[in-house]
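Data first, discussion second: the structure below is written as structure tokens.
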Amino acid sequence: MIKTLCLRVLLLSFAVTAVSCDHDKNASQVRAQSPASIPPAQTPKLTLPPDSGPPPSIDGARAMQYVNEIVAFGPRPVGSANHKKVENYILAHLKNDTVEQDAFTADTPEGKFPVHNIIAKFPGTKDGIVVIASHYDTNYPLRNTSFVGANDGGSSSALLLEFANQLRGKPREGYSIWLVWDDAEEAIKPDTEVPFLDDSLYGINHLAEKWERDGTLKKMKAFLLADMVGDADLNIERDTNSTAWLEDVVYEAATRLGYQSHFFARTQGVSDDHLPFVKRGVPCADFIDFNYGYNDVFWHTTQDTVDKLSPKSLEIVGGTMLETIRILDKMDPLPPK
Ligand SMILES: [Zn+2]
């Protein structure tokens with residue numbers, strides 16, 4: 001995922017502050033607030049269905065095993081042999097599922113690269129689609145280091161594989177769920193050379209454009225993004241670029257599972273894979289912990305390794321994502337986009 005230096009600085013401040021960052025105007029309105037202050041509801045009160053039925057189950061240990069296996073391939077920047085191995089690893093897990101592949105060549109400041117989005121579709125009884133996405137590539141400028149993105153790209157891609165295990169072979173009483181492993185999310189050039197949003201999100205931009213053309217976008221009820229979800233010290237942000245009412249549903253889902261202390265102590269605007277869908281009016285929620293180590297010290301460094309992660313965090317985020325969808329299934333009609 002991508003962010004600006006000024007965001008890091010602001011995380012140190014509890015004062016409500018707004019600044020302009022050079023790199024990314026879209027995410028320039030950054031707020032940090034005291035963990036003691038509960039985020040106010042930003043939308044009219046939602047009518048939510050009653051809390052009923054067993055909570056979703058997620059095998060955190062199995063998801064963690066997948067993180068270990070993904071990381072074991074080594075750095076996986078676009079165009080590399082390791083990247084191809086991880087593509088094949090994901091596809092091997094989905095061999096009995098309905099899979100669509102979206103492969104194309106991206107034109108980047110470093111030349112042309114093959115990009116490969118992978119989509120697994122799990123049908124539901126209700127008309128409409130909820131997408132859960134995660135990028136699986138690692139940062140290109142760090143390609144010649146030992147950077148393996150255990151949390152950044154690894155944790156969320158592993159969690160999606162666990163979602164597939166939970167969804168496979170069970171009839172869904174609700175919206176269809178499509179899992180998307182999107183590619184070439186990371187910037188190719190260092191942020192200091194090319195603005196983030198001009199040189200990142202290649203795979204998800206391509207998919208959003210394609211789905212706009214073929215009418216899929218109209219069927220999408222929500223886009224949920226997982227990014228950096230494995231930190232043992234888990235604090236998911238309230239993201240101001242996400243859809244306010246959907247963030248409220250996420251908080252309700254977390255509360256129903258008893259996980260609310262891991263959610264929304266901080267509020268900030270995050271530039272991430274959801275932006276192409278935000279732009280097109282799809283309700284979006286980014287599940288991201290943007291403080292990975294004190295002052296985000298492990299992010300985009302060779303310190304982003306599995307020892308910083310916890311299976312429990314994968315369980316908390318995974319459970320909350322599935323509970324969010326369970327609430328959406330029963331909210332009829334959904335709030336206007
Ligand atoms: Zn990243």
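Going through the structure tokens in order, the chains are called A, B, and so on, while each chain numbers its residues from 1 and the ligands are numbered from 1 in the order shown.
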
Give me the residues of chain A that have any atom at most 8 Å from an atom of ligand 1; for each, the nearest atom pair and the distance in Å, rounded to one decimal. Use only C-alpha atoms and all ligand atoms, sort by chain and number, and format it as a tab-separated table.
```
residue	atom	partner	partner_atom_place_in_ligand_line	distance
A:Met1	CA	ligand 1	1 (Zn)	3.8
A:Ile2	CA	ligand 1	1 (Zn)	5.8
A:Thr138	CA	ligand 1	1 (Zn)	6.7
A:Asn139	CA	ligand 1	1 (Zn)	5.8
A:Gly149	CA	ligand 1	1 (Zn)	7.4
A:Asp152	CA	ligand 1	1 (Zn)	5.2
A:Gly153	CA	ligand 1	1 (Zn)	7.0
A:Glu185	CA	ligand 1	1 (Zn)	7.8
A:Glu186	CA	ligand 1	1 (Zn)	5.6
A:Trp299	CA	ligand 1	1 (Zn)	7.3
A:His300	CA	ligand 1	1 (Zn)	6.0
```

Selection above as a file: all heavy atoms, as a PDB file, in the first residue's frame:
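Heads up, here's the output in out.pdb:
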```
ATOM      1  N   MET A   1       0.830  -1.177   0.000  1.00  0.00           N
ATOM      2  CA  MET A   1       0.000   0.000   0.000  1.00  0.00           C
ATOM      3  C   MET A   1       0.871   1.235   0.000  1.00  0.00           C
ATOM      4  O   MET A   1       2.058   1.156   0.116  1.00  0.00           O
ATOM      5  CB  MET A   1      -0.965  -0.046   1.191  1.00  0.00           C
ATOM      6  CG  MET A   1      -0.343  -0.061   2.530  1.00  0.00           C
ATOM      7  SD  MET A   1       0.036   1.519   3.082  1.00  0.00           S
ATOM      8  CE  MET A   1      -1.517   2.270   2.672  1.00  0.00           C
ATOM      9  N   ILE A   2       0.247   2.362  -0.135  1.00  0.00           N
ATOM     10  CA  ILE A   2       1.015   3.581  -0.351  1.00  0.00           C
ATOM     11  C   ILE A   2       0.603   4.680   0.617  1.00  0.00           C
ATOM     12  O   ILE A   2      -0.534   4.739   1.052  1.00  0.00           O
ATOM     13  CB  ILE A   2       0.809   4.086  -1.792  1.00  0.00           C
ATOM     14  CG1 ILE A   2      -0.663   4.144  -2.123  1.00  0.00           C
ATOM     15  CG2 ILE A   2       1.535   3.198  -2.757  1.00  0.00           C
ATOM     16  CD1 ILE A   2      -0.956   4.564  -3.525  1.00  0.00           C
ATOM     17  N   THR A 138       5.040  -7.665  -4.221  1.00  0.00           N
ATOM     18  CA  THR A 138       5.824  -6.865  -3.265  1.00  0.00           C
ATOM     19  C   THR A 138       6.433  -5.658  -3.979  1.00  0.00           C
ATOM     20  O   THR A 138       6.547  -5.627  -5.198  1.00  0.00           O
ATOM     21  CB  THR A 138       6.968  -7.678  -2.601  1.00  0.00           C
ATOM     22  OG1 THR A 138       7.730  -8.334  -3.611  1.00  0.00           O
ATOM     23  CG2 THR A 138       6.435  -8.670  -1.601  1.00  0.00           C
ATOM     24  N   ASN A 139       6.808  -4.715  -3.151  1.00  0.00           N
ATOM     25  CA  ASN A 139       7.343  -3.431  -3.593  1.00  0.00           C
ATOM     26  C   ASN A 139       8.498  -3.594  -4.591  1.00  0.00           C
ATOM     27  O   ASN A 139       9.489  -4.269  -4.307  1.00  0.00           O
ATOM     28  CB  ASN A 139       7.807  -2.694  -2.330  1.00  0.00           C
ATOM     29  CG  ASN A 139       8.332  -1.341  -2.614  1.00  0.00           C
ATOM     30  OD1 ASN A 139       9.465  -1.210  -3.055  1.00  0.00           O
ATOM     31  ND2 ASN A 139       7.535  -0.318  -2.376  1.00  0.00           N
ATOM     32  N   GLY A 149       7.493  -8.599   2.368  1.00  0.00           N
ATOM     33  CA  GLY A 149       6.119  -8.140   2.574  1.00  0.00           C
ATOM     34  C   GLY A 149       5.249  -9.154   3.297  1.00  0.00           C
ATOM     35  O   GLY A 149       4.184  -9.521   2.815  1.00  0.00           O
ATOM     36  N   ASP A 152       2.624  -6.707   4.350  1.00  0.00           N
ATOM     37  CA  ASP A 152       2.217  -5.906   3.195  1.00  0.00           C
ATOM     38  C   ASP A 152       2.095  -6.800   1.957  1.00  0.00           C
ATOM     39  O   ASP A 152       3.072  -7.021   1.240  1.00  0.00           O
ATOM     40  CB  ASP A 152       3.262  -4.808   2.976  1.00  0.00           C
ATOM     41  CG  ASP A 152       2.833  -3.791   1.934  1.00  0.00           C
ATOM     42  OD1 ASP A 152       1.760  -3.962   1.336  1.00  0.00           O
ATOM     43  OD2 ASP A 152       3.598  -2.824   1.717  1.00  0.00           O
ATOM     44  N   GLY A 153       0.924  -7.309   1.746  1.00  0.00           N
ATOM     45  CA  GLY A 153       0.678  -8.202   0.610  1.00  0.00           C
ATOM     46  C   GLY A 153       0.597  -9.664   1.006  1.00  0.00           C
ATOM     47  O   GLY A 153      -0.200 -10.413   0.455  1.00  0.00           O
ATOM     48  N   GLU A 185       0.079  -3.672  -7.405  1.00  0.00           N
ATOM     49  CA  GLU A 185      -0.496  -2.603  -6.573  1.00  0.00           C
ATOM     50  C   GLU A 185       0.590  -1.611  -6.163  1.00  0.00           C
ATOM     51  O   GLU A 185       0.372  -0.416  -6.092  1.00  0.00           O
ATOM     52  CB  GLU A 185      -1.146  -3.220  -5.324  1.00  0.00           C
ATOM     53  CG  GLU A 185      -1.874  -2.224  -4.424  1.00  0.00           C
ATOM     54  CD  GLU A 185      -1.072  -1.801  -3.203  1.00  0.00           C
ATOM     55  OE1 GLU A 185       0.149  -2.086  -3.145  1.00  0.00           O
ATOM     56  OE2 GLU A 185      -1.676  -1.179  -2.314  1.00  0.00           O
ATOM     57  N   GLU A 186       1.765  -2.171  -5.903  1.00  0.00           N
ATOM     58  CA  GLU A 186       2.864  -1.335  -5.401  1.00  0.00           C
ATOM     59  C   GLU A 186       3.427  -0.445  -6.508  1.00  0.00           C
ATOM     60  O   GLU A 186       3.408  -0.818  -7.686  1.00  0.00           O
ATOM     61  CB  GLU A 186       3.985  -2.230  -4.865  1.00  0.00           C
ATOM     62  CG  GLU A 186       3.584  -3.095  -3.679  1.00  0.00           C
ATOM     63  CD  GLU A 186       3.589  -2.344  -2.363  1.00  0.00           C
ATOM     64  OE1 GLU A 186       3.720  -1.104  -2.377  1.00  0.00           O
ATOM     65  OE2 GLU A 186       3.445  -3.001  -1.317  1.00  0.00           O
ATOM     66  N   TRP A 299       7.146  -0.799   7.972  1.00  0.00           N
ATOM     67  CA  TRP A 299       6.497  -0.707   6.663  1.00  0.00           C
ATOM     68  C   TRP A 299       7.517  -0.433   5.550  1.00  0.00           C
ATOM     69  O   TRP A 299       8.363   0.452   5.682  1.00  0.00           O
ATOM     70  CB  TRP A 299       5.435   0.404   6.702  1.00  0.00           C
ATOM     71  CG  TRP A 299       4.766   0.657   5.395  1.00  0.00           C
ATOM     72  CD1 TRP A 299       3.890  -0.162   4.754  1.00  0.00           C
ATOM     73  CD2 TRP A 299       4.942   1.813   4.559  1.00  0.00           C
ATOM     74  NE1 TRP A 299       3.493   0.419   3.569  1.00  0.00           N
ATOM     75  CE2 TRP A 299       4.118   1.625   3.420  1.00  0.00           C
ATOM     76  CE3 TRP A 299       5.698   2.969   4.660  1.00  0.00           C
ATOM     77  CZ2 TRP A 299       4.043   2.555   2.400  1.00  0.00           C
ATOM     78  CZ3 TRP A 299       5.625   3.903   3.636  1.00  0.00           C
ATOM     79  CH2 TRP A 299       4.803   3.698   2.527  1.00  0.00           C
ATOM     80  N   HIS A 300       7.447  -1.199   4.483  1.00  0.00           N
ATOM     81  CA  HIS A 300       8.360  -1.065   3.343  1.00  0.00           C
ATOM     82  C   HIS A 300       9.828  -1.116   3.764  1.00  0.00           C
ATOM     83  O   HIS A 300      10.659  -0.339   3.277  1.00  0.00           O
ATOM     84  CB  HIS A 300       8.071   0.205   2.532  1.00  0.00           C
ATOM     85  CG  HIS A 300       6.897   0.038   1.612  1.00  0.00           C
ATOM     86  ND1 HIS A 300       6.502   0.977   0.688  1.00  0.00           N
ATOM     87  CD2 HIS A 300       6.026  -0.996   1.462  1.00  0.00           C
ATOM     88  CE1 HIS A 300       5.455   0.532   0.020  1.00  0.00           C
ATOM     89  NE2 HIS A 300       5.136  -0.648   0.477  1.00  0.00           N
TER      90      HIS A 300
END
```

- Members of region 77-119 of chain A assigned alpha helix (DSSP H) by DSSP, as a PyMOL selection string: chain A and resi 81-93

- Task: Grab the CA of Lys95 (chain A) to CA of Pro114 (chain A) distance for me, in Å with one decimal place.
- Result: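 Answer for the CA of Lys95 (chain A) to CA of Pro114 (chain A) separation: 21.9 Å.
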
- For CA of Gly128 (chain A) and CA of Leu217 (chain A), quote the distance in Å rounded to one decimal.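 CA of Gly128 (chain A) sits 9.8 Å away from CA of Leu217 (chain A).
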
- Item | Ala103 (chain A) environment, 8 Å, only C-alpha atoms, sequence neighbours closer than 5 positions dropped, as a VMD selection string | chain A and resid 114 to 117

Closest pair table for region 284-321 of chain A residues within 9 Å of region 154-161 of chain A, only C-alpha atoms, as a tab-separated table:
```
residue	atom	partner	partner_atom	distance
A:Val306	CA	A:Ser155	CA	8.9
A:Leu309	CA	A:Ser155	CA	8.3
A:Leu314	CA	A:Leu159	CA	6.6
A:Glu315	CA	A:Leu159	CA	8.6
A:Val317	CA	A:Leu159	CA	8.8
A:Gly318	CA	A:Leu159	CA	6.8
```

- Task: Go through A:Leu225, A:Val297, A:Ala232, A:Ile90 and flag the residue nearest Asp272 (chain A), using only C-alpha atoms for the distances.
- Result: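 That would be A:Leu225, the residue with the smallest distance to Asp272 (chain A).
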
Each region 191-294 of chain A residue no farther than 12 Å from region 176-180 of chain A, nearest pair in Å, only C-alpha atoms, as JSON lines:
```
{"residue": "A:Gly203", "atom": "CA", "partner": "A:Val180", "partner_atom": "CA", "distance": 10.3}
{"residue": "A:Ile204", "atom": "CA", "partner": "A:Val180", "partner_atom": "CA", "distance": 9.1}
{"residue": "A:Leu207", "atom": "CA", "partner": "A:Val180", "partner_atom": "CA", "distance": 9.7}
{"residue": "A:Ala208", "atom": "CA", "partner": "A:Val180", "partner_atom": "CA", "distance": 11.5}
{"residue": "A:Thr216", "atom": "CA", "partner": "A:Trp178", "partner_atom": "CA", "distance": 11.4}
{"residue": "A:Lys219", "atom": "CA", "partner": "A:Ser176", "partner_atom": "CA", "distance": 10.0}
{"residue": "A:Met220", "atom": "CA", "partner": "A:Ser176", "partner_atom": "CA", "distance": 9.4}
{"residue": "A:Lys221", "atom": "CA", "partner": "A:Ser176", "partner_atom": "CA", "distance": 9.8}
{"residue": "A:Ala222", "atom": "CA", "partner": "A:Ile177", "partner_atom": "CA", "distance": 9.9}
{"residue": "A:Phe223", "atom": "CA", "partner": "A:Trp178", "partner_atom": "CA", "distance": 9.6}
{"residue": "A:Leu224", "atom": "CA", "partner": "A:Leu179", "partner_atom": "CA", "distance": 9.7}
{"residue": "A:Leu225", "atom": "CA", "partner": "A:Val180", "partner_atom": "CA", "distance": 9.4}
{"residue": "A:Ala226", "atom": "CA", "partner": "A:Val180", "partner_atom": "CA", "distance": 10.4}
{"residue": "A:Asp273", "atom": "CA", "partner": "A:Val180", "partner_atom": "CA", "distance": 11.0}
{"residue": "A:His274", "atom": "CA", "partner": "A:Val180", "partner_atom": "CA", "distance": 11.8}
```

- Item | CA of Tyr251 (chain A) to CA of Asp227 (chain A), straight-line distance in Å | 17.1 Å

- Task: Determine the nearest neighbour of Met64 (chain A) from the options A:Gln303, A:Asn151, A:Thr243, A:Gln260, counting only C-alpha atoms.
- Result: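 Answer, going by the shortest atom-to-atom distance: A:Asn151.
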
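Considering the residues A:Ala106, A:Lys312, A:Asp239, A:Ile119 and counting only C-alpha atoms, Arg62 (chain A) has its shortest atom-to-atom contact with A:Lys312.
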
Determine, counting only C-alpha atoms, which protein, DNA and RNA residues have an atom within 10 Å of an atom of Val249 (chain A); residues of the same chain fewer than 4 positions away are not included. Present the result as a PDB file with N, CA and C atoms, in the first residue's frame.
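Wrote result.pdb, looks like this:
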```pdb
ATOM      1  N   LEU A  46     -28.077   3.929  10.955  1.00  0.00           N
ATOM      2  CA  LEU A  46     -28.390   2.825  10.053  1.00  0.00           C
ATOM      3  C   LEU A  46     -29.400   1.896  10.711  1.00  0.00           C
ATOM      4  N   LEU A  48     -29.996  -1.668  11.282  1.00  0.00           N
ATOM      5  CA  LEU A  48     -29.207  -2.889  11.143  1.00  0.00           C
ATOM      6  C   LEU A  48     -30.035  -4.107  11.534  1.00  0.00           C
ATOM      7  N   ALA A 244     -18.570   6.136   4.456  1.00  0.00           N
ATOM      8  CA  ALA A 244     -18.830   6.326   5.884  1.00  0.00           C
ATOM      9  C   ALA A 244     -19.841   5.304   6.430  1.00  0.00           C
ATOM     10  N   TRP A 245     -20.946   5.064   5.709  1.00  0.00           N
ATOM     11  CA  TRP A 245     -21.941   4.143   6.273  1.00  0.00           C
ATOM     12  C   TRP A 245     -21.407   2.712   6.336  1.00  0.00           C
ATOM     13  N   ALA A 253     -19.982  -4.767  13.044  1.00  0.00           N
ATOM     14  CA  ALA A 253     -19.569  -6.174  12.912  1.00  0.00           C
ATOM     15  C   ALA A 253     -18.484  -6.501  13.939  1.00  0.00           C
ATOM     16  N   ALA A 254     -17.499  -5.616  14.071  1.00  0.00           N
ATOM     17  CA  ALA A 254     -16.414  -5.829  15.036  1.00  0.00           C
ATOM     18  C   ALA A 254     -16.969  -5.885  16.453  1.00  0.00           C
ATOM     19  N   THR A 255     -17.927  -5.018  16.731  1.00  0.00           N
ATOM     20  CA  THR A 255     -18.521  -4.964  18.070  1.00  0.00           C
ATOM     21  C   THR A 255     -19.278  -6.252  18.370  1.00  0.00           C
ATOM     22  N   ALA A 285     -14.741  -0.284   1.890  1.00  0.00           N
ATOM     23  CA  ALA A 285     -14.150  -0.234   3.233  1.00  0.00           C
ATOM     24  C   ALA A 285     -12.749  -0.833   3.168  1.00  0.00           C
ATOM     25  N   THR A 320     -14.280 -10.255  11.137  1.00  0.00           N
ATOM     26  CA  THR A 320     -15.014  -8.989  11.008  1.00  0.00           C
ATOM     27  C   THR A 320     -15.423  -8.740   9.557  1.00  0.00           C
ATOM     28  N   GLU A 323     -18.367 -11.054   8.957  1.00  0.00           N
ATOM     29  CA  GLU A 323     -19.541 -10.572   9.712  1.00  0.00           C
ATOM     30  C   GLU A 323     -20.117  -9.315   9.038  1.00  0.00           C
ATOM     31  N   THR A 324     -19.238  -8.463   8.516  1.00  0.00           N
ATOM     32  CA  THR A 324     -19.706  -7.279   7.778  1.00  0.00           C
ATOM     33  C   THR A 324     -20.589  -7.712   6.610  1.00  0.00           C
ATOM     34  N   ILE A 325     -20.146  -8.732   5.886  1.00  0.00           N
ATOM     35  CA  ILE A 325     -20.938  -9.203   4.736  1.00  0.00           C
ATOM     36  C   ILE A 325     -22.255  -9.820   5.215  1.00  0.00           C
ATOM     37  N   ILE A 327     -23.986  -8.916   7.750  1.00  0.00           N
ATOM     38  CA  ILE A 327     -24.907  -7.802   8.045  1.00  0.00           C
ATOM     39  C   ILE A 327     -25.429  -7.214   6.732  1.00  0.00           C
ATOM     40  N   LEU A 328     -24.523  -7.020   5.757  1.00  0.00           N
ATOM     41  CA  LEU A 328     -24.952  -6.461   4.461  1.00  0.00           C
ATOM     42  C   LEU A 328     -26.003  -7.355   3.802  1.00  0.00           C
TER      43      LEU A 328
END
```
